[in-house]
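Enquirer: I'd like to ask you about the structure that follows.
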Amino acid sequence: MRRHQFTGPRTNDRIRVPEVRVIGADGSMLGIMATADAKRLAREKELDLVEVNPKASPPVCKVMDFGKFKYEESRKKRQARKAQVHVELKEVKLRPKTDDHDLEFKIKHARRFIEEGNKVKITCRFRGREITHPETARRQLDYVMEQCSDIGQMEQPARMEGRTMTCIIAPRQEIRARVAAQAAHAAKQAQREREREDESEGESEAEAEAAASS
């Protein structure tokens with residue numbers, strides 16, 4: 001039978017070394033203590049003993065609210081994921097006979113995708129005997145690249161793939177940096193909003209407790 005594998009730091013009764021170096025809930029150093037005494041100290045404060053540095057000799061443990069700690073760590077990870085820029089590969093499709101008006105419309109789409117931090121694959125599909133004139137498609141792809149050159153750069157030059165000619169345009173470094181900064185700013189704003197909500201909930205609970213005790 002396979003035993004369950006624990007993840008994360010060891011806590012409370014999972015800490016089985018004879019002694020540990022203890023950090024108090026307020027961050028003060030309490031020194032080296034017998035592990036049993038450290039567990040008892042945590043229980044008296046209705047908190048947990050959490051191993052924060054198992055490689056030290058003796059291991060370092062901290063008295064804390066482990067449930068709250070896990071919640072905060074989870075929130076930090078979610079915050080970090082939101083701050084990351086997820087680059088997608090968008091596609092803009094053309095035909096060798098795409099007229100000038102439609103081509104300009106497609107270019108607007110391509111520019112919008114690039115300004116959002118995404119890569120763009122420009123695809124021109126041939127039908128029938130259109131494939132005998134690949135230079136028409138190449139001119140189109142070159143024109144799209146030219147119109148996007150202020151915000152994009154060629155990542156993959158035009159090349160044939162079956163009955164299509166494709167190229168890939170990637171955002172320039174300054175565009176990627178701007179998008180990353182915007183994502184980080186939005187994540188910070190969301191974090192501040194959550195903190196304000198937590199403070200408001202805490203104040204409401206305190207007012208409710210005060211009203212109940214009066």
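As shown in the structure tokens, the chain order sets the letters A, B, ...; within each chain, residues go from 1, and ligands are also counted from 1 in the order they appear.
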List as JSON, numbers by chain the protein and nucleic acid residues near Lys121 (chain A), meaning an atom at most 9 Å away when only C-alpha atoms are counted, but skip any in the same chain fewer than 3 places from it.
Expert: {"A": [89, 90, 91, 92, 93, 110, 156, 166, 167, 168, 169, 170]}
Enquirer: For the helix (DSSP H, G or I) assignment from backbone DSSP, which residues of region 7-181 of chain A qualify? Please present them as a PyMOL selection string.
Expert: chain A and resi 12-14+35-44+66-83+100-115+128-132+134-147+173-181
Enquirer: Keeping only C-alpha atoms, write the selected residues to a file as an mmCIF file, in the first residue's frame.
Expert:
data_model
loop_
_atom_site.group_PDB
_atom_site.id
_atom_site.type_symbol
_atom_site.label_atom_id
_atom_site.label_comp_id
_atom_site.auth_asym_id
_atom_site.auth_seq_id
_atom_site.Cartn_x
_atom_site.Cartn_y
_atom_site.Cartn_z
ATOM 1 C CA ASN A 12 3.254 20.081 14.956
ATOM 2 C CA ASP A 13 3.366 16.275 15.485
ATOM 3 C CA ARG A 14 5.092 15.742 12.128
ATOM 4 C CA THR A 35 10.536 19.925 20.537
ATOM 5 C CA ALA A 36 7.879 18.791 23.000
ATOM 6 C CA ASP A 37 8.167 22.125 24.849
ATOM 7 C CA ALA A 38 7.970 24.072 21.590
ATOM 8 C CA LYS A 39 4.817 22.182 20.582
ATOM 9 C CA ARG A 40 3.283 22.869 23.982
ATOM 10 C CA LEU A 41 4.109 26.572 23.648
ATOM 11 C CA ALA A 42 2.369 26.710 20.261
ATOM 12 C CA ARG A 43 -0.698 24.889 21.615
ATOM 13 C CA GLU A 44 -0.979 27.276 24.565
ATOM 14 C CA PHE A 66 -0.371 27.738 9.712
ATOM 15 C CA GLY A 67 -3.810 27.978 8.079
ATOM 16 C CA LYS A 68 -3.396 31.732 7.637
ATOM 17 C CA PHE A 69 0.174 31.208 6.403
ATOM 18 C CA LYS A 70 -0.995 28.778 3.697
ATOM 19 C CA TYR A 71 -3.730 31.186 2.647
ATOM 20 C CA GLU A 72 -1.266 34.070 2.307
ATOM 21 C CA GLU A 73 1.178 31.922 0.332
ATOM 22 C CA SER A 74 -1.614 30.809 -1.998
ATOM 23 C CA ARG A 75 -2.685 34.415 -2.516
ATOM 24 C CA LYS A 76 0.896 35.463 -3.322
ATOM 25 C CA LYS A 77 1.163 32.712 -5.931
ATOM 26 C CA ARG A 78 -2.124 33.762 -7.528
ATOM 27 C CA GLN A 79 -0.881 37.336 -7.542
ATOM 28 C CA ALA A 80 2.366 36.304 -9.233
ATOM 29 C CA ARG A 81 0.477 34.345 -11.902
ATOM 30 C CA LYS A 82 -1.729 37.338 -12.646
ATOM 31 C CA ALA A 83 1.350 39.529 -13.027
ATOM 32 C CA ASP A 100 -6.727 46.903 -50.143
ATOM 33 C CA HIS A 101 -9.641 47.770 -47.824
ATOM 34 C CA ASP A 102 -9.779 44.288 -46.295
ATOM 35 C CA LEU A 103 -5.992 44.195 -46.042
ATOM 36 C CA GLU A 104 -5.960 47.416 -44.006
ATOM 37 C CA PHE A 105 -8.672 45.915 -41.776
ATOM 38 C CA LYS A 106 -6.518 42.804 -41.227
ATOM 39 C CA ILE A 107 -3.522 44.991 -40.406
ATOM 40 C CA LYS A 108 -5.536 46.751 -37.671
ATOM 41 C CA HIS A 109 -6.258 43.353 -36.130
ATOM 42 C CA ALA A 110 -2.589 42.377 -36.308
ATOM 43 C CA ARG A 111 -1.491 45.635 -34.666
ATOM 44 C CA ARG A 112 -4.034 45.222 -31.869
ATOM 45 C CA PHE A 113 -2.791 41.688 -31.148
ATOM 46 C CA ILE A 114 0.842 42.861 -31.088
ATOM 47 C CA GLU A 115 0.055 45.818 -28.813
ATOM 48 C CA GLY A 128 -6.358 26.425 -57.323
ATOM 49 C CA ARG A 129 -3.821 28.024 -59.658
ATOM 50 C CA GLU A 130 -3.169 30.916 -57.260
ATOM 51 C CA ILE A 131 -0.237 28.901 -55.949
ATOM 52 C CA THR A 132 1.610 29.544 -59.227
ATOM 53 C CA PRO A 134 3.525 33.048 -54.654
ATOM 54 C CA GLU A 135 5.060 36.500 -55.149
ATOM 55 C CA THR A 136 1.575 38.016 -54.666
ATOM 56 C CA ALA A 137 1.291 36.532 -51.187
ATOM 57 C CA ARG A 138 4.864 37.493 -50.350
ATOM 58 C CA ARG A 139 4.147 41.125 -51.241
ATOM 59 C CA GLN A 140 1.136 41.053 -48.922
ATOM 60 C CA LEU A 141 3.108 39.587 -46.019
ATOM 61 C CA ASP A 142 5.935 42.075 -46.564
ATOM 62 C CA TYR A 143 3.412 44.918 -46.563
ATOM 63 C CA VAL A 144 1.807 43.737 -43.310
ATOM 64 C CA MET A 145 5.250 43.506 -41.720
ATOM 65 C CA GLU A 146 6.114 46.999 -42.929
ATOM 66 C CA GLN A 147 2.895 48.416 -41.439
ATOM 67 C CA GLN A 173 10.931 44.583 -26.504
ATOM 68 C CA GLU A 174 9.418 47.933 -25.514
ATOM 69 C CA ILE A 175 5.911 46.593 -26.216
ATOM 70 C CA ARG A 176 6.552 43.480 -24.095
ATOM 71 C CA ALA A 177 7.926 45.652 -21.283
ATOM 72 C CA ARG A 178 4.880 47.927 -21.385
ATOM 73 C CA VAL A 179 2.443 45.001 -21.304
ATOM 74 C CA ALA A 180 4.340 43.417 -18.397
ATOM 75 C CA ALA A 181 4.250 46.714 -16.476
#
Enquirer: Name the closest residue to Leu47 (chain A) among the candidates A:Ile15, A:Gly24, A:Gln191, A:Ala34; distances are taken between atoms, counting only C-alpha atoms.
Expert: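 Among the listed residues, A:Gly24 lies closest to Leu47 (chain A).
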Enquirer: Nearest to Thr123 (chain A) among A:Met160, A:Val52, A:Cys148, A:Met165, with distances taken over only C-alpha atoms: which residue is it?
Expert: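 Closest to Thr123 (chain A), using only C-alpha atoms: A:Met165.
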Enquirer: I'd like the interatomic distance between CA of Lys55 (chain A) and CA of Arg10 (chain A), to a tenth of an Å.
Expert: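 So the two atoms, CA of Lys55 (chain A) and CA of Arg10 (chain A), lie 12.4 Å apart.
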